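Asks: What follows is upload-v3.txt, compact mmCIF, C-alpha atoms.
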# COMPACT_ATOMS: atom_id res chain seq x y z
CA MET X 17 12.97 -0.04 27.88
CA ASN X 18 13.60 2.07 30.97
CA GLY X 19 11.89 0.31 33.86
CA SER X 20 10.94 3.64 35.42
CA VAL X 21 8.69 4.48 32.49
CA PRO X 22 5.29 2.79 32.68
CA PRO X 23 4.33 0.83 29.58
CA ALA X 24 2.27 2.72 27.04
CA THR X 25 -1.40 1.88 26.77
CA VAL X 26 -2.34 0.66 23.30
CA ALA X 27 -5.61 0.16 21.44
CA VAL X 28 -6.29 -1.43 18.05
CA ILE X 29 -9.02 -0.07 15.80
CA GLY X 30 -9.83 -2.66 13.18
CA ALA X 31 -9.05 -5.75 15.22
CA ASN X 32 -10.19 -8.29 12.62
CA GLY X 33 -8.79 -8.95 9.15
CA HIS X 34 -5.25 -7.61 8.90
CA GLY X 35 -5.73 -6.41 12.46
CA HIS X 36 -4.94 -9.99 13.51
CA TRP X 37 -1.37 -9.39 12.32
CA HIS X 38 -1.05 -6.38 14.61
CA ARG X 39 -2.55 -8.32 17.50
CA ARG X 40 0.02 -11.08 17.00
CA VAL X 41 2.76 -8.46 17.22
CA ILE X 42 1.20 -6.91 20.31
CA ALA X 43 0.62 -10.18 22.21
CA PRO X 44 4.24 -10.87 23.30
CA LEU X 45 4.88 -7.18 24.01
CA HIS X 46 1.81 -7.12 26.27
CA ALA X 47 2.86 -10.36 27.97
CA ASP X 48 6.37 -8.97 28.60
CA GLY X 49 5.02 -5.72 30.04
CA ARG X 50 6.48 -3.59 27.24
CA LEU X 51 3.03 -2.19 26.49
CA ARG X 52 -0.45 -2.61 27.89
CA LEU X 53 -3.21 -3.50 25.49
CA VAL X 54 -6.36 -1.80 26.78
CA ALA X 55 -8.92 -2.03 23.97
CA LEU X 56 -9.88 -3.60 20.67
CA VAL X 57 -12.39 -2.10 18.26
CA ASP X 58 -14.22 -3.68 15.34
CA VAL X 59 -17.70 -3.57 13.89
CA ALA X 60 -17.69 -7.40 13.78
CA PRO X 61 -17.24 -9.72 16.77
CA VAL X 62 -13.60 -9.88 17.89
CA LEU X 63 -12.40 -13.47 18.14
CA ASP X 64 -9.98 -14.63 20.81
CA GLU X 65 -7.16 -16.58 19.13
CA ARG X 66 -4.09 -18.33 20.52
CA GLU X 67 -1.61 -16.04 18.74
CA ALA X 68 -3.85 -12.98 18.92
CA PRO X 69 -5.55 -13.29 22.29
CA VAL X 70 -7.86 -10.86 24.02
CA PRO X 71 -6.09 -10.58 27.39
CA PRO X 72 -8.09 -10.29 30.60
CA GLY X 73 -9.18 -6.74 31.27
CA VAL X 74 -9.07 -5.66 27.63
CA ASP X 75 -12.29 -3.94 26.62
CA VAL X 76 -13.89 -4.61 23.24
CA PHE X 77 -15.85 -1.90 21.42
CA THR X 78 -17.72 -1.50 18.16
CA ASP X 79 -17.26 2.29 18.05
CA HIS X 80 -13.83 3.89 18.14
CA ARG X 81 -15.08 7.16 19.64
CA ALA X 82 -16.60 5.31 22.59
CA MET X 83 -13.32 3.48 23.06
CA LEU X 84 -11.25 6.67 22.97
CA ALA X 85 -13.48 8.32 25.56
CA ALA X 86 -13.49 5.29 27.86
CA THR X 87 -9.84 4.17 27.75
CA ARG X 88 -7.77 7.17 26.57
CA PRO X 89 -5.00 5.04 24.98
CA GLU X 90 -1.58 6.58 24.45
CA VAL X 91 -0.99 4.70 21.18
CA VAL X 92 -3.64 3.71 18.67
CA VAL X 93 -3.09 1.18 15.89
CA ILE X 94 -5.46 1.95 12.99
CA CYS X 95 -6.06 -0.99 10.67
CA THR X 96 -9.35 -0.08 9.03
CA PRO X 97 -10.22 0.38 5.34
CA PRO X 98 -8.00 3.10 3.79
CA HIS X 99 -10.84 5.52 3.10
CA THR X 100 -11.66 5.60 6.84
CA HIS X 101 -8.12 6.36 8.03
CA LEU X 102 -8.29 10.15 8.13
CA PRO X 103 -11.45 10.63 10.24
CA ILE X 104 -10.42 7.90 12.70
CA ALA X 105 -6.88 9.28 12.89
CA ARG X 106 -8.21 12.77 13.58
CA ASP X 107 -10.30 11.44 16.45
CA ALA X 108 -7.41 9.46 17.94
CA VAL X 109 -5.00 12.38 17.71
CA ALA X 110 -7.56 14.72 19.29
CA ALA X 111 -7.83 12.23 22.15
CA GLY X 112 -4.07 12.52 22.73
CA ALA X 113 -2.81 9.36 21.03
CA ASP X 114 0.18 8.67 18.84
CA LEU X 115 -0.58 6.52 15.80
CA LEU X 116 0.54 3.41 14.00
CA LEU X 117 -1.43 3.89 10.82
CA GLU X 118 -1.71 1.10 8.26
CA LYS X 119 -0.69 1.76 4.66
CA PRO X 120 -1.79 3.50 2.60
CA PRO X 121 -1.97 6.16 5.33
CA VAL X 122 -4.28 8.48 3.40
CA LEU X 123 -5.43 8.69 -0.20
CA SER X 124 -4.64 12.26 -1.25
CA LEU X 125 -2.16 15.03 -0.56
CA ALA X 126 -5.00 17.12 0.85
CA GLU X 127 -5.65 14.40 3.44
CA HIS X 128 -1.91 14.11 4.07
CA HIS X 129 -1.66 17.83 4.82
CA GLU X 130 -4.76 17.73 7.02
CA LEU X 131 -3.39 14.88 9.12
CA THR X 132 0.05 16.52 9.29
CA ASP X 133 -1.53 19.70 10.66
CA ALA X 134 -3.62 17.75 13.19
CA LEU X 135 -0.54 15.92 14.47
CA ALA X 136 1.45 19.12 14.79
CA ALA X 137 -1.36 20.93 16.62
CA ALA X 138 -1.72 18.09 19.12
CA GLY X 139 2.01 17.40 19.48
CA ARG X 140 1.51 13.79 18.38
CA VAL X 141 3.28 11.54 15.83
CA ALA X 142 2.21 8.96 13.29
CA GLN X 143 4.15 5.94 12.12
CA VAL X 144 2.92 4.40 8.85
CA GLY X 145 2.73 0.62 8.42
CA PHE X 146 5.43 0.19 5.79
CA GLN X 147 7.12 -2.50 7.87
CA ALA X 148 9.65 -3.43 5.17
CA LEU X 149 11.33 -0.07 5.79
CA GLY X 150 12.60 -1.56 9.06
CA SER X 151 14.51 -4.26 7.19
CA THR X 152 18.22 -4.71 7.84
CA ALA X 153 18.49 -5.92 4.25
CA LEU X 154 17.27 -2.53 3.00
CA THR X 155 19.91 -0.84 5.16
CA ALA X 156 22.57 -3.15 3.74
CA LEU X 157 21.45 -2.20 0.25
CA THR X 158 21.55 1.55 0.90
CA ASP X 159 24.94 1.15 2.61
CA ALA X 160 26.23 -0.51 -0.56
CA LEU X 161 24.93 2.44 -2.57
CA ALA X 162 26.65 4.91 -0.28
CA ALA X 163 29.90 2.95 -0.62
CA GLY X 164 29.68 3.25 -4.41
CA HIS X 165 29.46 -0.47 -5.12
CA LEU X 166 27.05 0.10 -8.02
CA GLY X 167 28.67 3.22 -9.42
CA THR X 168 26.11 5.75 -10.59
CA VAL X 169 22.61 4.32 -10.27
CA THR X 170 20.72 4.65 -13.54
CA GLY X 171 17.51 2.80 -12.73
CA ILE X 172 15.34 1.54 -9.89
CA ALA X 173 12.71 -1.09 -10.66
CA THR X 174 10.41 -3.49 -8.86
CA VAL X 175 8.70 -6.63 -10.13
CA ALA X 176 6.09 -8.63 -8.21
CA ALA X 177 3.65 -11.25 -9.49
CA TRP X 178 0.96 -12.82 -7.32
CA GLN X 179 -2.50 -14.24 -7.88
CA ARG X 180 -5.69 -13.67 -5.98
CA PRO X 181 -8.93 -15.69 -6.19
CA ASP X 182 -12.42 -14.31 -6.56
CA SER X 183 -12.82 -14.43 -2.78
CA TYR X 184 -10.19 -11.68 -2.45
CA TYR X 185 -12.50 -9.25 -4.20
CA ALA X 186 -15.49 -10.38 -2.12
CA ARG X 187 -13.71 -9.82 1.19
CA SER X 188 -15.32 -6.44 1.85
CA ALA X 189 -17.54 -3.77 0.36
CA TRP X 190 -14.49 -1.68 -0.57
CA ALA X 191 -12.44 -4.46 -2.20
CA GLY X 192 -11.55 -3.64 -5.79
CA ARG X 193 -13.32 -0.29 -5.57
CA ARG X 194 -12.17 3.09 -6.78
CA THR X 195 -14.64 4.97 -4.62
CA LEU X 196 -17.19 4.10 -1.97
CA ASP X 197 -19.89 6.38 -0.61
CA GLY X 198 -18.34 9.30 -2.43
CA ARG X 199 -14.87 8.79 -0.94
CA PRO X 200 -11.78 7.53 -2.78
CA VAL X 201 -10.78 3.96 -1.94
CA LEU X 202 -8.21 3.13 -4.66
CA ASP X 203 -7.98 -0.55 -3.70
CA GLY X 204 -5.76 -1.34 -6.66
CA ALA X 205 -2.52 -3.25 -6.96
CA LEU X 206 -0.30 -0.18 -6.64
CA ALA X 207 -2.05 1.39 -3.65
CA ASN X 208 -2.61 -1.69 -1.53
CA PRO X 209 -0.95 -5.12 -2.05
CA PHE X 210 2.14 -3.73 -3.80
CA ALA X 211 2.42 -0.51 -1.83
CA HIS X 212 5.47 -1.97 -0.08
CA ALA X 213 7.21 -2.55 -3.43
CA VAL X 214 6.64 1.06 -4.47
CA MET X 215 7.68 2.40 -1.06
CA GLN X 216 10.90 0.35 -1.07
CA CYS X 217 11.81 1.95 -4.40
CA LEU X 218 11.08 5.38 -2.96
CA ALA X 219 13.27 4.55 0.03
CA VAL X 220 16.16 3.71 -2.32
CA ALA X 221 15.61 6.95 -4.24
CA GLU X 222 15.59 8.76 -0.89
CA ALA X 223 18.94 7.19 0.02
CA LEU X 224 20.42 8.34 -3.29
CA GLY X 225 19.20 11.92 -2.96
CA GLY X 226 19.38 12.38 0.80
CA ALA X 227 15.72 13.38 1.14
CA PRO X 228 12.30 11.97 0.26
CA PRO X 229 12.15 12.07 -3.56
CA TRP X 230 9.38 14.19 -4.98
CA PRO X 231 7.71 12.83 -8.14
CA VAL X 232 7.34 15.30 -10.99
CA ALA X 233 5.72 13.04 -13.60
CA ILE X 234 4.15 9.62 -13.93
CA GLU X 235 3.34 7.32 -16.83
CA VAL X 236 1.13 4.37 -16.01
CA GLU X 237 -0.63 1.51 -17.76
CA ARG X 238 -3.34 -0.21 -15.74
CA TYR X 239 -5.15 -3.47 -16.57
CA ARG X 240 -7.70 -5.80 -14.96
CA VAL X 241 -9.07 -9.27 -15.58
CA ARG X 242 -12.29 -8.84 -13.60
CA PRO X 243 -15.11 -6.26 -13.63
CA ILE X 244 -13.50 -4.32 -10.76
CA GLU X 245 -12.95 -0.56 -10.67
CA VAL X 246 -9.17 -0.63 -10.19
CA GLU X 247 -6.14 -2.39 -11.61
CA ASP X 248 -4.85 -5.83 -10.72
CA THR X 249 -1.92 -5.39 -13.13
CA ALA X 250 0.06 -2.20 -13.57
CA MET X 251 3.27 -0.72 -14.89
CA LEU X 252 4.15 2.66 -13.42
CA ARG X 253 7.11 4.86 -14.32
CA VAL X 254 7.90 7.70 -11.95
CA ARG X 255 10.25 10.57 -12.69
CA PHE X 256 11.70 12.84 -9.99
CA ARG X 257 13.25 16.29 -9.74
CA ALA X 258 16.62 14.55 -9.58
CA GLY X 259 17.95 11.01 -9.75
CA PRO X 260 16.97 7.95 -11.78
CA PRO X 261 13.34 7.03 -12.54
CA VAL X 262 11.45 4.25 -10.77
CA LEU X 263 9.64 1.54 -12.74
CA ALA X 264 7.07 -0.59 -10.89
CA ALA X 265 5.72 -3.65 -12.74
CA VAL X 266 3.22 -5.68 -10.73
CA THR X 267 0.32 -8.09 -11.16
CA MET X 268 -2.14 -10.11 -9.12
CA ALA X 269 -3.10 -12.24 -12.12
CA SER X 270 -0.04 -14.43 -12.68
CA ALA X 271 0.54 -18.18 -12.89
CA GLN X 272 4.16 -17.61 -11.81
CA PHE X 273 4.93 -16.30 -8.31
CA VAL X 274 7.46 -13.51 -7.86
CA PRO X 275 7.42 -12.42 -4.19
CA GLY X 276 8.69 -8.94 -4.87
CA GLU X 277 12.07 -7.77 -6.16
CA VAL X 278 13.66 -4.33 -6.13
CA THR X 279 16.46 -4.10 -8.69
CA LEU X 280 19.02 -1.31 -8.79
CA THR X 281 21.07 -0.92 -11.95
CA GLY X 282 24.30 1.07 -11.80
CA THR X 283 27.20 1.84 -14.07
CA THR X 284 29.38 -0.77 -12.34
CA GLY X 285 26.91 -3.37 -11.08
CA GLN X 286 23.43 -4.43 -10.14
CA ALA X 287 21.75 -5.28 -6.84
CA VAL X 288 18.49 -7.12 -6.14
CA LEU X 289 16.51 -7.01 -2.90
CA GLU X 290 13.67 -9.50 -2.45
CA TYR X 291 11.91 -7.30 0.06
CA PRO X 292 9.31 -9.76 1.48
CA THR X 293 12.02 -12.26 2.41
CA ASP X 294 14.99 -9.90 3.07
CA ARG X 295 17.14 -11.75 0.53
CA LEU X 296 19.80 -9.51 -0.99
CA LEU X 297 22.14 -9.90 -3.95
CA LEU X 298 24.96 -7.36 -4.19
CA PRO X 299 27.69 -7.01 -6.81
CA GLY X 300 30.27 -9.71 -6.23
CA ASP X 301 27.85 -12.07 -4.45
CA ALA X 302 27.60 -15.55 -5.93
CA ALA X 303 23.98 -15.92 -4.81
CA PRO X 304 21.35 -13.99 -2.86
CA ARG X 305 21.80 -14.11 0.92
CA HIS X 306 19.28 -13.68 3.67
CA VAL X 307 19.97 -10.59 5.76
CA PRO X 308 18.19 -11.20 9.08
CA GLY X 309 16.68 -8.55 11.26
CA ARG X 310 13.73 -6.20 11.11
CA GLN X 311 12.95 -3.45 13.54
CA GLY X 312 9.25 -3.59 14.38
CA LEU X 313 7.33 -0.40 13.71
CA LEU X 314 5.33 -0.56 16.93
CA GLU X 315 8.44 -1.17 19.04
CA ASN X 316 10.15 1.70 17.24
CA LEU X 317 7.18 3.97 17.95
CA LEU X 318 7.23 3.02 21.64
CA ALA X 319 10.97 3.76 21.81
CA HIS X 320 10.47 7.06 20.00
CA ARG X 321 7.90 8.16 22.58
CA ILE X 322 10.56 7.76 25.29
CA ASP X 323 13.57 9.09 23.36
CA PRO X 324 12.60 10.95 20.16
CA ALA X 325 16.17 11.95 19.30
CA GLY X 326 17.69 8.55 20.03
CA ALA X 327 14.95 6.54 18.31
CA PRO X 328 13.76 8.38 15.19
CA LEU X 329 10.66 6.96 13.55
CA ILE X 330 11.30 4.50 10.74
CA ALA X 331 8.22 5.44 8.72
CA PRO X 332 6.97 8.86 9.84
CA LEU X 333 4.05 10.31 7.95
CA ALA X 334 6.31 12.89 6.26
CA ARG X 335 8.42 10.13 4.71
CA THR X 336 5.37 8.72 2.95
CA ALA X 337 4.34 11.98 1.26
CA PRO X 338 5.85 10.98 -2.13
CA PHE X 339 3.87 7.74 -2.04
CA THR X 340 0.66 9.68 -1.37
CA ALA X 341 1.55 12.05 -4.21
CA LEU X 342 1.57 9.04 -6.53
CA LEU X 343 -1.86 7.97 -5.29
CA ASP X 344 -3.10 11.50 -5.86
CA ALA X 345 -1.94 11.31 -9.47
CA LEU X 346 -3.43 7.85 -10.01
CA ARG X 347 -6.86 9.06 -8.89
CA ALA X 348 -7.22 10.91 -12.18
CA ALA X 349 -6.14 7.99 -14.37
CA PRO X 350 -8.81 6.43 -16.60
CA GLU X 351 -10.47 3.12 -15.80
CA PRO X 352 -8.08 0.16 -16.24
CA ARG X 353 -8.38 -1.77 -19.48
CA LEU X 354 -10.28 -5.07 -19.13
CA LEU X 355 -8.35 -8.05 -20.52
CA GLY X 356 -9.98 -11.33 -21.50
CA GLY X 357 -10.45 -13.89 -24.23
CA GLU X 358 -7.56 -16.22 -25.04
CA LEU X 359 -5.14 -13.91 -23.22
CA VAL X 360 -6.56 -14.93 -19.82
CA ASP X 361 -6.61 -18.46 -18.38
CA VAL X 362 -9.31 -19.44 -15.90
CA VAL X 363 -8.28 -21.92 -13.21
CA GLY X 364 -10.55 -23.38 -10.53
CA ASP X 365 -14.11 -22.44 -9.72
CA GLY X 366 -16.27 -20.94 -7.02
CA ASP X 367 -14.71 -18.35 -4.78
CA GLN X 368 -11.27 -19.90 -5.39
CA ARG X 369 -11.32 -19.23 -9.12
CA VAL X 370 -8.21 -17.41 -10.34
CA LEU X 371 -7.60 -15.57 -13.59
CA ARG X 372 -4.10 -15.50 -15.09
CA ILE X 373 -2.70 -13.33 -17.85
CA ARG X 374 -0.60 -15.44 -20.19
CA GLY X 375 3.02 -14.34 -20.34
CA VAL X 376 2.54 -11.46 -17.95
CA VAL X 377 5.71 -12.07 -15.95
CA GLU X 378 7.83 -11.84 -19.09
CA VAL X 379 6.19 -8.48 -19.84
CA LEU X 380 6.84 -7.27 -16.30
CA ARG X 381 10.47 -8.32 -16.37
CA ARG X 382 11.10 -6.64 -19.72
CA ALA X 383 9.53 -3.48 -18.34
CA ALA X 384 11.85 -3.52 -15.35
CA GLU X 385 14.97 -4.45 -17.34
CA GLN X 386 14.40 -2.05 -20.22
CA GLY X 387 12.54 0.70 -18.38
CA ALA X 388 9.87 0.31 -21.05
CA LEU X 389 6.13 0.12 -20.48
CA PRO X 390 4.16 -2.63 -22.34
CA SER X 391 2.92 -0.22 -25.01
CA GLU X 392 6.55 0.77 -25.65
CA GLN X 393 7.50 -2.92 -25.94
CA GLY X 394 4.87 -3.52 -28.61
CA VAL X 395 2.83 -5.86 -26.40
CA PRO X 396 -0.36 -6.58 -28.42
CA TRP X 397 -2.79 -6.10 -25.53
CA ALA X 398 -1.20 -2.89 -24.26
CA GLU X 399 -2.68 0.55 -24.65
CA PRO X 400 -0.94 3.94 -24.47
CA ALA X 401 0.08 5.06 -21.01
CA TYR X 402 -1.71 7.68 -18.98
CA ARG X 403 0.67 10.54 -18.32
CA ALA X 404 0.49 13.20 -15.64
CA ASP X 405 2.74 16.14 -14.82
CA LEU X 406 2.92 16.64 -11.05
CA THR X 407 4.90 19.87 -10.99
As a first step, turn the structure in this file into structure tokens.

Replies:
Amino acid sequence: MNGSVPPATVAVIGANGHGHWHRRVIAPLHADGRLRLVALVDVAPVLDEREAPVPPGVDVFTDHRAMLAATRPEVVVICTPPHTHLPIARDAVAAGADLLLEKPPVLSLAEHHELTDALAAAGRVAQVGFQALGSTALTALTDALAAGHLGTVTGIATVAAWQRPDSYYARSAWAGRRTLDGRPVLDGALANPFAHAVMQCLAVAEALGGAPPWPVAIEVERYRVRPIEVEDTAMLRVRFRAGPPVLAAVTMASAQFVPGEVTLTGTTGQAVLEYPTDRLLLPGDAAPRHVPGRQGLLENLLAHRIDPAGAPLIAPLARTAPFTALLDALRAAPEPRLLGGELVDVVGDGDQRVLRIRGVVEVLRRAAEQGALPSEQGVPWAEPAYRADLT
């Protein structure tokens, strides 16, 4: 960073929960003088931790408007529940701040347009927290596509299988909710924990087409193993104006762990990116290899503020519009089907109880390999997909 440029002042709204991750990123940058943390905001007490300290002189607030008026930060990290993003972002932009906005950035295209207009009117920018987009492994994958190593790409798919205990759905009032206080929340598998998987697929489709891919139709099957309002298991097929479809097959109710794979199938080969670990398998490779290096979104935003042309944003709000279009379409989908009985195993008790769908990973993998949703595979517990035309 140019030593003649004073470090940007930064505030974090939503300093607890996932906000700890942002504070751990900020701590060494603050210590090195690359930014100056000036404020933390949370409705709960903010704890001082070794890896996420509250440096001397940093003010702590419970109200973000009071913080904005008192400290006037140049960059605001927003890590609050998704349904609160837009009003807080509007306030921060009006106060003159650029944003690092956690994913999902907003929950509808109407909100996306409103925030886009607010940023343009204020001359501010927003980076969205899809940190896997800064992966060198993703760049290596898209470079291989550009070099023609897979031939013509015919399919893009992602598979991820995790498990979450009961405590996950008790973590907040909005956990597992479709709406809260009349506002959409959409805290389902596709919008929140596996948003990175979906966005990585969209990034690949973008590389193939040269522009953010606009979805024209979706087909989705959504399931749940608890009395929540959203899905914990989903298979989503997305079709675009041009290029191959995307198939996302994900679950949070699995006995088997699959960190998250993006598979590209072409006429002359196949590639697999394990996006959480940056492990990449390209045609001709004997085994997956770790591709080190990620460009941090906050560091990229700071560099962009100094040299917009030389340091373009990795995840600008405009790049995430197709993802938000998918959320918009999912809002109208019917309630996920509740699975139970002998299909679901119960393991543990108390707040660490987990529910697992028997054989779900095999169903997910077939979906990704065949491009076929469970109902098209003849899976006994599947129900017909919800379909929506987005044109």

Asks: Fewer than 5 positions away in the same chain doesn't count, so skip those; otherwise give me all residues within 8 Å of Arg180 of chain X, counting only C-alpha atoms, as a VMD selection string.

Replies: chain X and resid 268 to 269 370

Asks: Hey, which bits of segment 85-182 of chain X sit within 10 Å of segment 203-223 of chain X, and for each residue what's the closest pair of atoms and how far apart in Å (one decimal), counting all atoms listed in the file, rows by chain and increasing number, as a tab-separated table?

Replies:
residue	atom	partner	partner_atom	distance
X:Pro97	CA	X:Asp203	CA	9.4
X:Pro98	CA	X:Asp203	CA	8.3
X:His99	CA	X:Asp203	CA	9.6
X:Lys119	CA	X:Asn208	CA	7.3
X:Pro120	CA	X:Ala207	CA	6.6
X:Leu123	CA	X:Ala207	CA	8.8
X:Gly145	CA	X:His212	CA	9.3
X:Phe146	CA	X:His212	CA	6.3
X:Gln147	CA	X:His212	CA	8.1
X:Ala148	CA	X:His212	CA	6.9
X:Leu149	CA	X:Gln216	CA	6.9
X:Leu154	CA	X:Gln216	CA	8.1
X:Thr155	CA	X:Val220	CA	9.5
X:Leu157	CA	X:Val220	CA	8.3
X:Thr158	CA	X:Ala223	CA	6.3
X:Asp159	CA	X:Ala223	CA	8.9
X:Leu161	CA	X:Ala223	CA	8.1
X:Ala162	CA	X:Ala223	CA	8.0
X:Val169	CA	X:Ala221	CA	9.6
X:Gly171	CA	X:Ala221	CA	9.6
X:Ile172	CA	X:Cys217	CA	6.5
X:Ala173	CA	X:Cys217	CA	7.0
X:Thr174	CA	X:Ala213	CA	6.4
X:Val175	CA	X:Ala213	CA	8.0
X:Ala176	CA	X:Phe210	CA	7.7
X:Ala177	CA	X:Phe210	CA	9.6
X:Trp178	CA	X:Pro209	CA	9.5

Asks: Out of X:Ala388, X:Ala111, X:Ala383, X:Ala105, which residue has the shortest atom-to-atom distance to His128 of chain X when counting only C-alpha atoms?

Replies: X:Ala105

Asks: Could you give me, as a PyMOL selection string, the residues within 7 Å of Ile29 of chain X, counting all atoms listed in the file and dropping anything in the same chain fewer than 3 positions from it?

Replies: chain X and resi 56-58+80+93-96

Asks: Report as a list in words all protein, DNA and RNA residues lying within 9 Å of segment 347-357 of chain X, evaluated on all atoms listed in the file, omitting residues in the same chain fewer than 6 positions from it.

Replies: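 Within the cut-off, the hits are Leu123, Ser124, Arg194, Pro200, Leu202, Val236, Glu237, Arg238, Tyr239, Arg240, Val241, Arg242, Pro243, Ile244, Glu245, Val246, Glu247, Asp248, Thr249, Ala250, Ile373, Trp397, Ala398, Glu399, Tyr402, Arg403 and Ala404 of chain X.
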
Asks: For atom CA of Asp344 of chain X and atom CA of Ala233 of chain X, quote the distance in Å rounded to one decimal.

Replies: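 Separation of atom CA of Asp344 of chain X and atom CA of Ala233 of chain X: 11.8 Å.
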
Asks: To one decimal place in Å, what is the distance between atom CA of Pro89 of chain X and atom CA of Ala24 of chain X?

Replies: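 Calculated distance between atom CA of Pro89 of chain X and atom CA of Ala24 of chain X is 7.9 Å.
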
Asks: Give the answer as one residue: which of X:Thr168, X:Arg50, X:Asn32, X:Ile42 has the shortest atom-to-atom distance to Asp64 of chain X, using all atoms listed in the file?

Replies: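 With all atoms listed in the file as the atom set, the closest residue is X:Asn32.
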
Asks: Using all atoms listed in the file, which of X:Ala85, X:Ala337, X:Leu346, X:Ala227 sits nearest Ala401 of chain X?

Replies: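 Answer, going by the shortest atom-to-atom distance: X:Leu346.
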
Asks: Which residue, X:Ala47, X:Leu406, X:Val376, X:Leu297, has the smallest gap to Pro23 of chain X when you use only C-alpha atoms?

Replies: X:Ala47

Asks: In file coordinates, which residues lie within 9 Å of (10.7, 15.2, -10.3) using all atoms listed in the file, given as a PyMOL selection string?

Replies: chain X and resi 229-233+254-259+261+406-407

Asks: Find the residues around Leu166 of chain X up to 12 Å (all atoms listed in the file counted), leave out those fewer than 6 positions away in its own chain, and share them as a ChimeraX atom specification.

Replies: /X:157-160,172,224,279-288,297-300

Asks: Could you please determine the separation between atom CA of His306 of chain X and atom CA of Ala153 of chain X in Å, to one decimal place?

Replies: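 So the answer is 7.8 Å.
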
Asks: Measuring atom to atom with all atoms listed in the file, identify which of X:Leu116, X:Val379, X:Val141, X:Leu342 is nearest to Ile234 of chain X.

Replies: X:Leu342

Asks: Considering only C-alpha atoms, return as a list in words whatever protein or nucleic-acid residues lie within 10 Å of Pro44 of chain X, sequence-local ones (same chain, fewer than 5 positions apart) excluded.

Replies: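 Surrounding residues, per the criterion: Arg39, Gly49, Arg50, Leu51, Glu67 and Ala68 of chain X.
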
Asks: Please write the residues from the selection above to a file, keeping C-alpha atoms, as a PDB file, in the coordinates of the input.

Replies:
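Saved the output as out_14.pdb:
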ATOM      1  CA  ARG X  39      -2.550  -8.320  17.500  1.00  0.00           C
ATOM      2  CA  GLY X  49       5.020  -5.720  30.040  1.00  0.00           C
ATOM      3  CA  ARG X  50       6.480  -3.590  27.240  1.00  0.00           C
ATOM      4  CA  LEU X  51       3.030  -2.190  26.490  1.00  0.00           C
ATOM      5  CA  GLU X  67      -1.610 -16.040  18.740  1.00  0.00           C
ATOM      6  CA  ALA X  68      -3.850 -12.980  18.920  1.00  0.00           C
TER       7      ALA X  68
END

Asks: With distances taken over only C-alpha atoms, which of X:Met251, X:Val62, X:Leu289, X:Leu371 is nearest to Pro400 of chain X?

Replies: X:Met251
